[in-house]
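Asker: Sharing data.cif below, mmCIF, C-alpha atoms:
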```cif
data_coords
loop_
_atom_site.group_PDB
_atom_site.id
_atom_site.type_symbol
_atom_site.label_atom_id
_atom_site.label_comp_id
_atom_site.auth_asym_id
_atom_site.auth_seq_id
_atom_site.Cartn_x
_atom_site.Cartn_y
_atom_site.Cartn_z
ATOM 1 C CA MET A 199 11.166 6.411 -15.876
ATOM 2 C CA ILE A 200 12.868 9.812 -15.536
ATOM 3 C CA PHE A 201 16.653 10.077 -15.346
ATOM 4 C CA GLY A 202 18.992 12.950 -14.620
ATOM 5 C CA ILE A 203 19.002 15.230 -11.580
ATOM 6 C CA ARG A 204 17.573 18.294 -13.324
ATOM 7 C CA ALA A 205 14.870 16.235 -15.057
ATOM 8 C CA VAL A 206 13.759 14.747 -11.740
ATOM 9 C CA ILE A 207 13.715 18.203 -10.099
ATOM 10 C CA GLU A 208 11.544 19.500 -12.941
ATOM 11 C CA ALA A 209 9.176 16.540 -12.536
ATOM 12 C CA ILE A 210 8.823 17.305 -8.821
ATOM 13 C CA ASP A 211 8.204 20.993 -9.542
ATOM 14 C CA ALA A 212 5.523 19.948 -12.055
ATOM 15 C CA ASN A 213 3.835 17.872 -9.300
ATOM 16 C CA LYS A 214 4.207 14.622 -11.195
ATOM 17 C CA GLU A 215 3.258 11.615 -9.054
ATOM 18 C CA ILE A 216 6.552 9.854 -8.329
ATOM 19 C CA ASP A 217 6.549 6.301 -7.001
ATOM 20 C CA LYS A 218 10.210 6.105 -5.920
ATOM 21 C CA ILE A 219 13.663 7.518 -6.626
ATOM 22 C CA PHE A 220 16.963 5.667 -6.924
ATOM 23 C CA VAL A 221 20.008 7.753 -5.984
ATOM 24 C CA ARG A 222 23.630 6.636 -6.395
ATOM 25 C CA ARG A 223 25.398 5.999 -3.127
ATOM 26 C CA GLU A 224 27.817 8.710 -1.962
ATOM 27 C CA ILE A 225 26.659 11.141 -4.644
ATOM 28 C CA GLY A 226 27.472 14.807 -4.001
ATOM 29 C CA GLY A 227 27.198 18.271 -5.501
ATOM 30 C CA GLU A 228 24.973 21.329 -5.312
ATOM 31 C CA LEU A 229 22.367 19.956 -7.702
ATOM 32 C CA ILE A 230 21.823 16.814 -5.644
ATOM 33 C CA LYS A 231 21.501 19.023 -2.549
ATOM 34 C CA GLU A 232 18.766 20.972 -4.343
ATOM 35 C CA LEU A 233 16.973 17.717 -5.188
ATOM 36 C CA MET A 234 17.163 16.461 -1.601
ATOM 37 C CA GLU A 235 15.855 19.765 -0.320
ATOM 38 C CA LYS A 236 12.829 19.511 -2.593
ATOM 39 C CA LEU A 237 12.218 15.951 -1.376
ATOM 40 C CA ARG A 238 12.462 16.895 2.300
ATOM 41 C CA ASP A 239 8.719 17.355 2.905
ATOM 42 C CA ARG A 240 7.451 14.959 0.255
ATOM 43 C CA ASN A 241 6.412 11.379 0.874
ATOM 44 C CA ILE A 242 8.550 9.876 -1.877
ATOM 45 C CA PRO A 243 10.664 6.785 -1.103
ATOM 46 C CA ILE A 244 14.375 7.299 -1.807
ATOM 47 C CA GLN A 245 16.731 4.338 -2.180
ATOM 48 C CA LYS A 246 20.519 4.672 -2.177
ATOM 49 C CA VAL A 247 21.825 2.171 -4.743
ATOM 50 C CA PRO A 248 25.158 1.285 -6.387
ATOM 51 C CA LEU A 249 26.015 2.733 -9.774
ATOM 52 C CA GLU A 250 25.649 -0.716 -11.375
ATOM 53 C CA LYS A 251 21.943 -0.807 -10.586
ATOM 54 C CA LEU A 252 21.350 2.567 -12.237
ATOM 55 C CA ASN A 253 23.337 1.496 -15.282
ATOM 56 C CA LYS A 254 21.130 -1.578 -15.632
ATOM 57 C CA LEU A 255 18.090 0.688 -15.755
ATOM 58 C CA THR A 256 19.495 3.022 -18.405
ATOM 59 C CA LEU A 257 22.804 3.558 -20.192
ATOM 60 C CA LYS A 258 21.958 7.211 -20.814
ATOM 61 C CA ASN A 259 23.360 10.046 -18.693
ATOM 62 C CA HIS A 260 21.356 9.519 -15.503
ATOM 63 C CA GLN A 261 23.798 11.569 -13.346
ATOM 64 C CA GLY A 262 23.210 9.132 -10.502
ATOM 65 C CA VAL A 263 19.443 9.674 -10.224
ATOM 66 C CA VAL A 264 16.540 7.693 -11.678
ATOM 67 C CA ALA A 265 12.895 8.262 -10.742
ATOM 68 C CA PHE A 266 9.803 6.204 -11.497
ATOM 69 C CA THR A 267 6.489 7.922 -12.062
ATOM 70 C CA THR A 268 3.058 6.419 -11.537
ATOM 71 C CA ASN A 269 -0.382 7.105 -12.959
ATOM 72 C CA ILE A 270 -1.894 6.647 -9.501
ATOM 73 C CA GLU A 271 -2.596 9.762 -7.454
ATOM 74 C CA TYR A 272 -1.872 8.709 -3.877
ATOM 75 C CA GLN A 273 -4.071 10.060 -1.094
ATOM 76 C CA ARG A 274 -3.826 10.371 2.697
ATOM 77 C CA ILE A 275 -5.908 8.220 5.019
ATOM 78 C CA ASP A 276 -6.389 11.122 7.436
ATOM 79 C CA ASP A 277 -8.142 12.976 4.602
ATOM 80 C CA ILE A 278 -10.274 9.971 3.628
ATOM 81 C CA ILE A 279 -11.675 8.982 7.047
ATOM 82 C CA PRO A 280 -13.185 12.362 8.086
ATOM 83 C CA THR A 281 -14.809 12.652 4.656
ATOM 84 C CA LEU A 282 -16.379 9.194 4.968
ATOM 85 C CA TYR A 283 -17.866 10.063 8.362
ATOM 86 C CA GLU A 284 -19.102 13.427 7.081
ATOM 87 C CA GLN A 285 -20.880 11.593 4.260
ATOM 88 C CA GLY A 286 -22.550 9.298 6.782
ATOM 89 C CA LYS A 287 -20.706 6.219 5.538
ATOM 90 C CA ASN A 288 -19.586 3.138 7.463
ATOM 91 C CA PRO A 289 -15.819 3.077 6.701
ATOM 92 C CA PHE A 290 -14.419 -0.092 5.130
ATOM 93 C CA ILE A 291 -10.623 -0.035 4.713
ATOM 94 C CA VAL A 292 -8.048 -2.610 3.578
ATOM 95 C CA ILE A 293 -4.405 -2.376 4.711
ATOM 96 C CA LEU A 294 -1.645 -4.221 2.834
ATOM 97 C CA ASP A 295 1.397 -4.810 5.038
ATOM 98 C CA GLY A 296 4.316 -5.755 2.807
ATOM 99 C CA VAL A 297 2.439 -7.156 -0.211
ATOM 100 C CA THR A 298 5.164 -6.827 -2.853
ATOM 101 C CA ASP A 299 3.871 -8.772 -5.849
ATOM 102 C CA VAL A 300 2.294 -6.303 -8.270
ATOM 103 C CA ARG A 301 -0.219 -8.846 -9.556
ATOM 104 C CA ASN A 302 -1.391 -9.645 -6.046
ATOM 105 C CA PHE A 303 -1.707 -5.912 -5.411
ATOM 106 C CA GLY A 304 -3.742 -5.469 -8.574
ATOM 107 C CA ALA A 305 -5.965 -8.472 -7.839
ATOM 108 C CA ILE A 306 -6.667 -7.259 -4.303
ATOM 109 C CA ALA A 307 -7.480 -3.772 -5.602
ATOM 110 C CA ARG A 308 -9.958 -5.286 -8.063
ATOM 111 C CA THR A 309 -11.643 -7.250 -5.267
ATOM 112 C CA CYS A 310 -11.729 -4.161 -3.043
ATOM 113 C CA GLU A 311 -13.368 -2.038 -5.719
ATOM 114 C CA CYS A 312 -15.982 -4.703 -6.434
ATOM 115 C CA ALA A 313 -16.673 -5.070 -2.692
ATOM 116 C CA GLY A 314 -17.131 -1.359 -2.058
ATOM 117 C CA VAL A 315 -13.978 -0.883 0.026
ATOM 118 C CA ASP A 316 -13.441 2.842 0.647
ATOM 119 C CA ALA A 317 -9.625 2.903 0.490
ATOM 120 C CA ILE A 318 -6.513 0.737 0.381
ATOM 121 C CA VAL A 319 -3.559 1.641 2.617
ATOM 122 C CA VAL A 320 -0.040 0.650 1.560
ATOM 123 C CA PRO A 321 3.359 1.405 3.126
ATOM 124 C CA MET A 322 5.682 4.079 1.812
ATOM 125 C CA LYS A 323 8.440 1.458 1.567
ATOM 126 C CA GLY A 324 8.240 -2.299 1.118
ATOM 127 C CA GLY A 325 5.049 -2.468 -0.919
ATOM 128 C CA ALA A 326 4.212 -3.272 -4.527
ATOM 129 C CA ALA A 327 4.461 -0.477 -7.060
ATOM 130 C CA ALA A 328 1.313 0.753 -8.754
ATOM 131 C CA ASN A 329 2.854 0.049 -12.147
ATOM 132 C CA ALA A 330 1.352 -1.012 -15.468
ATOM 133 C CA ASP A 331 1.157 -4.692 -14.463
ATOM 134 C CA ALA A 332 -0.655 -3.837 -11.224
ATOM 135 C CA ILE A 333 -3.090 -1.547 -13.030
ATOM 136 C CA LYS A 334 -3.776 -4.156 -15.719
ATOM 137 C CA THR A 335 -4.374 -6.910 -13.125
ATOM 138 C CA SER A 336 -6.700 -4.587 -11.212
ATOM 139 C CA ALA A 337 -8.832 -4.139 -14.354
ATOM 140 C CA GLY A 338 -8.550 -0.395 -13.799
ATOM 141 C CA ALA A 339 -9.580 -0.517 -10.138
ATOM 142 C CA LEU A 340 -6.362 1.252 -9.103
ATOM 143 C CA HIS A 341 -7.631 4.290 -11.024
ATOM 144 C CA ILE A 342 -10.927 4.209 -9.080
ATOM 145 C CA ILE A 343 -10.338 3.245 -5.451
ATOM 146 C CA PRO A 344 -8.280 5.651 -3.285
ATOM 147 C CA ILE A 345 -4.760 4.354 -2.560
ATOM 148 C CA CYS A 346 -3.204 5.831 0.583
ATOM 149 C CA ARG A 347 0.571 5.529 0.875
ATOM 150 C CA GLU A 348 1.612 6.023 4.505
ATOM 151 C CA VAL A 349 5.030 6.357 6.146
ATOM 152 C CA SER A 350 4.086 4.206 9.179
ATOM 153 C CA LEU A 351 1.417 1.509 9.064
ATOM 154 C CA HIS A 352 1.720 1.222 12.854
ATOM 155 C CA ASN A 353 0.713 4.875 13.225
ATOM 156 C CA THR A 354 -2.011 4.403 10.632
ATOM 157 C CA VAL A 355 -3.551 1.507 12.576
ATOM 158 C CA SER A 356 -3.457 3.585 15.771
ATOM 159 C CA TYR A 357 -5.083 6.503 13.936
ATOM 160 C CA LEU A 358 -7.875 4.303 12.586
ATOM 161 C CA GLN A 359 -8.542 2.902 16.045
ATOM 162 C CA LYS A 360 -8.777 6.421 17.470
ATOM 163 C CA CYS A 361 -11.320 7.146 14.740
ATOM 164 C CA GLY A 362 -13.510 4.287 15.982
ATOM 165 C CA ILE A 363 -12.460 1.790 13.321
ATOM 166 C CA ARG A 364 -11.983 -1.829 14.362
ATOM 167 C CA VAL A 365 -8.790 -3.326 12.906
ATOM 168 C CA VAL A 366 -8.889 -7.032 12.010
ATOM 169 C CA ALA A 367 -5.698 -8.824 10.952
ATOM 170 C CA ALA A 368 -5.854 -11.945 8.789
ATOM 171 C CA SER A 369 -3.080 -14.314 9.872
ATOM 172 C CA GLU A 370 -2.592 -18.070 9.590
ATOM 173 C CA LYS A 371 -1.227 -17.915 13.148
ATOM 174 C CA ALA A 372 -4.594 -16.806 14.540
ATOM 175 C CA ALA A 373 -6.936 -19.256 16.259
ATOM 176 C CA HIS A 374 -10.063 -17.159 15.656
ATOM 177 C CA ASP A 375 -12.066 -18.192 12.553
ATOM 178 C CA TYR A 376 -12.559 -15.323 10.108
ATOM 179 C CA THR A 377 -16.332 -15.877 10.012
ATOM 180 C CA ALA A 378 -16.610 -15.324 13.786
ATOM 181 C CA ALA A 379 -15.201 -11.785 13.669
ATOM 182 C CA ASP A 380 -17.492 -8.743 13.568
ATOM 183 C CA TYR A 381 -17.118 -6.582 10.454
ATOM 184 C CA ARG A 382 -20.465 -4.750 10.621
ATOM 185 C CA ASP A 383 -19.224 -1.486 12.115
ATOM 186 C CA PRO A 384 -16.337 0.651 10.770
ATOM 187 C CA VAL A 385 -13.576 -1.840 10.002
ATOM 188 C CA ALA A 386 -10.103 -2.157 8.530
ATOM 189 C CA ILE A 387 -8.821 -5.541 7.342
ATOM 190 C CA VAL A 388 -5.055 -6.099 7.360
ATOM 191 C CA MET A 389 -3.450 -8.524 4.907
ATOM 192 C CA GLY A 390 0.243 -9.423 5.148
ATOM 193 C CA ALA A 391 3.231 -10.133 2.951
ATOM 194 C CA GLU A 392 3.253 -13.199 0.710
ATOM 195 C CA ASP A 393 6.132 -14.825 2.584
ATOM 196 C CA VAL A 394 6.144 -13.636 6.219
ATOM 197 C CA GLY A 395 2.607 -12.356 6.712
ATOM 198 C CA ILE A 396 1.764 -9.337 8.865
ATOM 199 C CA SER A 397 4.608 -7.774 10.837
ATOM 200 C CA HIS A 398 4.658 -8.404 14.586
ATOM 201 C CA ASP A 399 4.354 -4.741 15.566
ATOM 202 C CA ILE A 400 1.102 -4.515 13.573
ATOM 203 C CA LEU A 401 -0.295 -7.829 14.816
ATOM 204 C CA ARG A 402 0.119 -6.905 18.469
ATOM 205 C CA ILE A 403 -1.996 -3.736 18.235
ATOM 206 C CA CYS A 404 -4.845 -5.067 16.083
ATOM 207 C CA ASP A 405 -8.260 -5.533 17.695
ATOM 208 C CA ASP A 406 -8.779 -9.058 16.366
ATOM 209 C CA LEU A 407 -6.725 -11.761 14.661
ATOM 210 C CA VAL A 408 -8.506 -14.162 12.318
ATOM 211 C CA SER A 409 -7.549 -17.091 10.124
ATOM 212 C CA ILE A 410 -9.022 -18.992 7.192
ATOM 213 C CA PRO A 411 -9.295 -22.784 7.730
ATOM 214 C CA ILE A 412 -6.767 -24.739 5.661
ATOM 215 C CA LEU A 413 -7.863 -28.335 5.016
ATOM 216 C CA GLY A 414 -5.231 -29.434 2.526
ATOM 217 C CA GLN A 415 -1.493 -29.994 2.746
ATOM 218 C CA ILE A 416 -0.402 -26.510 1.599
ATOM 219 C CA SER A 417 -0.177 -24.269 4.643
ATOM 220 C CA SER A 418 -1.622 -21.018 3.297
ATOM 221 C CA LEU A 419 -3.616 -19.350 0.531
ATOM 222 C CA ASN A 420 -2.296 -16.818 -1.949
ATOM 223 C CA VAL A 421 -2.716 -13.389 -0.326
ATOM 224 C CA SER A 422 -5.056 -12.091 -3.035
ATOM 225 C CA VAL A 423 -7.314 -15.131 -2.629
ATOM 226 C CA ALA A 424 -7.235 -14.839 1.167
ATOM 227 C CA ALA A 425 -8.075 -11.147 0.900
ATOM 228 C CA GLY A 426 -11.107 -11.945 -1.250
ATOM 229 C CA VAL A 427 -12.356 -14.527 1.255
ATOM 230 C CA VAL A 428 -12.148 -12.158 4.245
ATOM 231 C CA ILE A 429 -13.356 -9.068 2.377
ATOM 232 C CA TYR A 430 -16.491 -10.843 1.156
ATOM 233 C CA GLU A 431 -17.237 -12.169 4.633
ATOM 234 C CA ALA A 432 -17.254 -8.509 5.646
ATOM 235 C CA VAL A 433 -19.511 -7.676 2.696
ATOM 236 C CA LYS A 434 -21.935 -10.414 3.741
ATOM 237 C CA GLN A 435 -22.141 -9.197 7.333
ATOM 238 C CA ARG A 436 -22.400 -5.525 6.378
ATOM 239 C CA SER A 437 -25.274 -6.188 3.964
ATOM 240 C CA ILE A 438 -27.496 -7.882 6.558
#
```
Kindly transcribe the structure held in the file into structure tokens.
Answerer:
Amino acid sequence: MIFGIRAVIEAIDANKEIDKIFVRREIGGELIKELMEKLRDRNIPIQKVPLEKLNKLTLKNHQGVVAFTTNIEYQRIDDIIPTLYEQGKNPFIVILDGVTDVRNFGAIARTCECAGVDAIVVPMKGGAAANADAIKTSAGALHIIPICREVSLHNTVSYLQKCGIRVVAASEKAAHDYTAADYRDPVAIVMGAEDVGISHDILRICDDLVSIPILGQISSLNVSVAAGVVIYEAVKQRSI
């Protein structure tokens, strides 16, 4: 955690990887204008919060700004995909739409790394932080597999489709069994939030919707477990 406007500006100038920044609502002044100018072309989430929230984070002189750094170096999916094709690979991507629990994020990353997934895509806002708990749960996988943090998952899905990648969404609302889908060619698997699943605007543009049969009384699996089931069905098909 970095606090203080000048300290955060210095961290940005030093190219530290910043996960998000909390800024006090209705803050003003020349220094905050300088900070906002530096953030203009950077993909760093900024949240306007009340002073009480900042004071809960630190009682030191934060000047209305607190930033959180991460050990993960985020990448861009539009850099990853061309490289995969140039290397003659069959792209295998996982997209996490609103997965907010850091342990689920870490567990999914661990599964992805073990399964040979080429990259994980997460949203700029509304996703789990790549913090110490996530890294620990991932068994270090978050330091290995590329994590792409994108402003718009809708645009990312459209981009992948234009690149010839089939996008398969795992949803309990789907009637199509996950084993009947085709994962052999370039594919991206979308997993949704723990509570509401995949957002409607993503579901409606995906190429296929699949579900995992639920035989018991509980209506759905934990998202990290569901991700493992679908990812390893893809691994099975792609290894034949």
Asker: Evaluating the PyMOL selection byres ((chain A and resi 287-296) around 8) on the displayed file yields which residues, as a VMD selection string?
Answerer: chain A and resid 279 282 to 286 297 to 298 310 314 to 321 324 to 326 351 363 383 to 392 395 to 397
Asker: Given the file above and the PyMOL selection byres ((chain A and resi 382) around 6), which residues are selected, and can you give them as a count of residues only?
Answerer: 5
Asker: Neighbouring residues of range 253-269 of chain A were defined as those with any atom within 6 Å, considering only C-alpha atoms; residues of the same chain fewer than 6 positions away were excluded. Please report them as a ChimeraX atom specification.
Answerer: /A:199-203,215-222
Asker: Name the residues within 12 Å of (-2.7, -13.0, -0.9), counting all atoms listed in the file in the file's coordinates, and put them as a PDB file with C-alpha atoms, in the frame of the given file.
Answerer:
```
ATOM      1  CA  LEU A 294      -1.645  -4.221   2.834  1.00  0.00           C
ATOM      2  CA  ASP A 295       1.397  -4.810   5.038  1.00  0.00           C
ATOM      3  CA  GLY A 296       4.316  -5.755   2.807  1.00  0.00           C
ATOM      4  CA  VAL A 297       2.439  -7.156  -0.211  1.00  0.00           C
ATOM      5  CA  THR A 298       5.164  -6.827  -2.853  1.00  0.00           C
ATOM      6  CA  ASP A 299       3.871  -8.772  -5.849  1.00  0.00           C
ATOM      7  CA  VAL A 300       2.294  -6.303  -8.270  1.00  0.00           C
ATOM      8  CA  ARG A 301      -0.219  -8.846  -9.556  1.00  0.00           C
ATOM      9  CA  ASN A 302      -1.391  -9.645  -6.046  1.00  0.00           C
ATOM     10  CA  PHE A 303      -1.707  -5.912  -5.411  1.00  0.00           C
ATOM     11  CA  GLY A 304      -3.742  -5.469  -8.574  1.00  0.00           C
ATOM     12  CA  ALA A 305      -5.965  -8.472  -7.839  1.00  0.00           C
ATOM     13  CA  ILE A 306      -6.667  -7.259  -4.303  1.00  0.00           C
ATOM     14  CA  ALA A 307      -7.480  -3.772  -5.602  1.00  0.00           C
ATOM     15  CA  THR A 309     -11.643  -7.250  -5.267  1.00  0.00           C
ATOM     16  CA  ALA A 368      -5.854 -11.945   8.789  1.00  0.00           C
ATOM     17  CA  SER A 369      -3.080 -14.314   9.872  1.00  0.00           C
ATOM     18  CA  GLU A 370      -2.592 -18.070   9.590  1.00  0.00           C
ATOM     19  CA  VAL A 388      -5.055  -6.099   7.360  1.00  0.00           C
ATOM     20  CA  MET A 389      -3.450  -8.524   4.907  1.00  0.00           C
ATOM     21  CA  GLY A 390       0.243  -9.423   5.148  1.00  0.00           C
ATOM     22  CA  ALA A 391       3.231 -10.133   2.951  1.00  0.00           C
ATOM     23  CA  GLU A 392       3.253 -13.199   0.710  1.00  0.00           C
ATOM     24  CA  ASP A 393       6.132 -14.825   2.584  1.00  0.00           C
ATOM     25  CA  VAL A 394       6.144 -13.636   6.219  1.00  0.00           C
ATOM     26  CA  GLY A 395       2.607 -12.356   6.712  1.00  0.00           C
ATOM     27  CA  ILE A 396       1.764  -9.337   8.865  1.00  0.00           C
ATOM     28  CA  ILE A 410      -9.022 -18.992   7.192  1.00  0.00           C
ATOM     29  CA  SER A 418      -1.622 -21.018   3.297  1.00  0.00           C
ATOM     30  CA  LEU A 419      -3.616 -19.350   0.531  1.00  0.00           C
ATOM     31  CA  ASN A 420      -2.296 -16.818  -1.949  1.00  0.00           C
ATOM     32  CA  VAL A 421      -2.716 -13.389  -0.326  1.00  0.00           C
ATOM     33  CA  SER A 422      -5.056 -12.091  -3.035  1.00  0.00           C
ATOM     34  CA  VAL A 423      -7.314 -15.131  -2.629  1.00  0.00           C
ATOM     35  CA  ALA A 424      -7.235 -14.839   1.167  1.00  0.00           C
ATOM     36  CA  ALA A 425      -8.075 -11.147   0.900  1.00  0.00           C
ATOM     37  CA  GLY A 426     -11.107 -11.945  -1.250  1.00  0.00           C
ATOM     38  CA  VAL A 427     -12.356 -14.527   1.255  1.00  0.00           C
ATOM     39  CA  VAL A 428     -12.148 -12.158   4.245  1.00  0.00           C
ATOM     40  CA  ILE A 429     -13.356  -9.068   2.377  1.00  0.00           C
TER      41      ILE A 429
END
```
Asker: How would you write as an MDAnalysis selection string the residues that get within 12 Å of (12.3, 21.3, -4.6) in the file's frame, counting only C-alpha atoms?
Answerer: chainID A and resid 203:213 229:240
Asker: Using the chain letters and numbers from the file, which residues does the PyMOL selection byres ((chain A and resi 400-408) around 6) grab, as a list in words?
Answerer: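 For this structure, the PyMOL selection byres ((chain A and resi 400-408) around 6) captures His352, Val365, Val366, Ala367, Ala368, Ser369, Ala372, His374, Asp375, Tyr376, Ser397, His398, Asp399 and Ser409 of chain A.
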Asker: Rank nothing, just name the residue among A:Ile333, A:Ile345, A:Ala313, A:Lys251 nearest to Tyr272 in chain A, using only C-alpha atoms.
Answerer: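 The answer is A:Ile345, which sits nearest to Tyr272 in chain A.
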Asker: Distance CA of Glu348 in chain A-CA of Arg274 in chain A, one decimal place?
Answerer: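 Computed distance, CA of Glu348 in chain A to CA of Arg274 in chain A, equals 7.2 Å.
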Asker: Of the candidates A:Lys214, A:Lys246, A:Arg308, A:Lys323, which one gets nearest to Ile343 in chain A if we count all atoms listed in the file?
Answerer: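 Checking each of A:Lys214, A:Lys246, A:Arg308, A:Lys323 against Ile343 in chain A, counting all atoms listed in the file, the winner is A:Arg308.
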Asker: So which one's closest to Thr377 in chain A, A:Ala339, A:Ile412, A:Cys346, A:Ala432? Using only C-alpha atoms, please.
Answerer: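 Ranking A:Ala339, A:Ile412, A:Cys346, A:Ala432 by distance to Thr377 in chain A, first place goes to A:Ala432.
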Asker: Between A:Leu413, A:Tyr430, A:Cys361, A:Glu311, which one has atoms that come closest to Leu340 in chain A, using all atoms listed in the file?
Answerer: A:Glu311
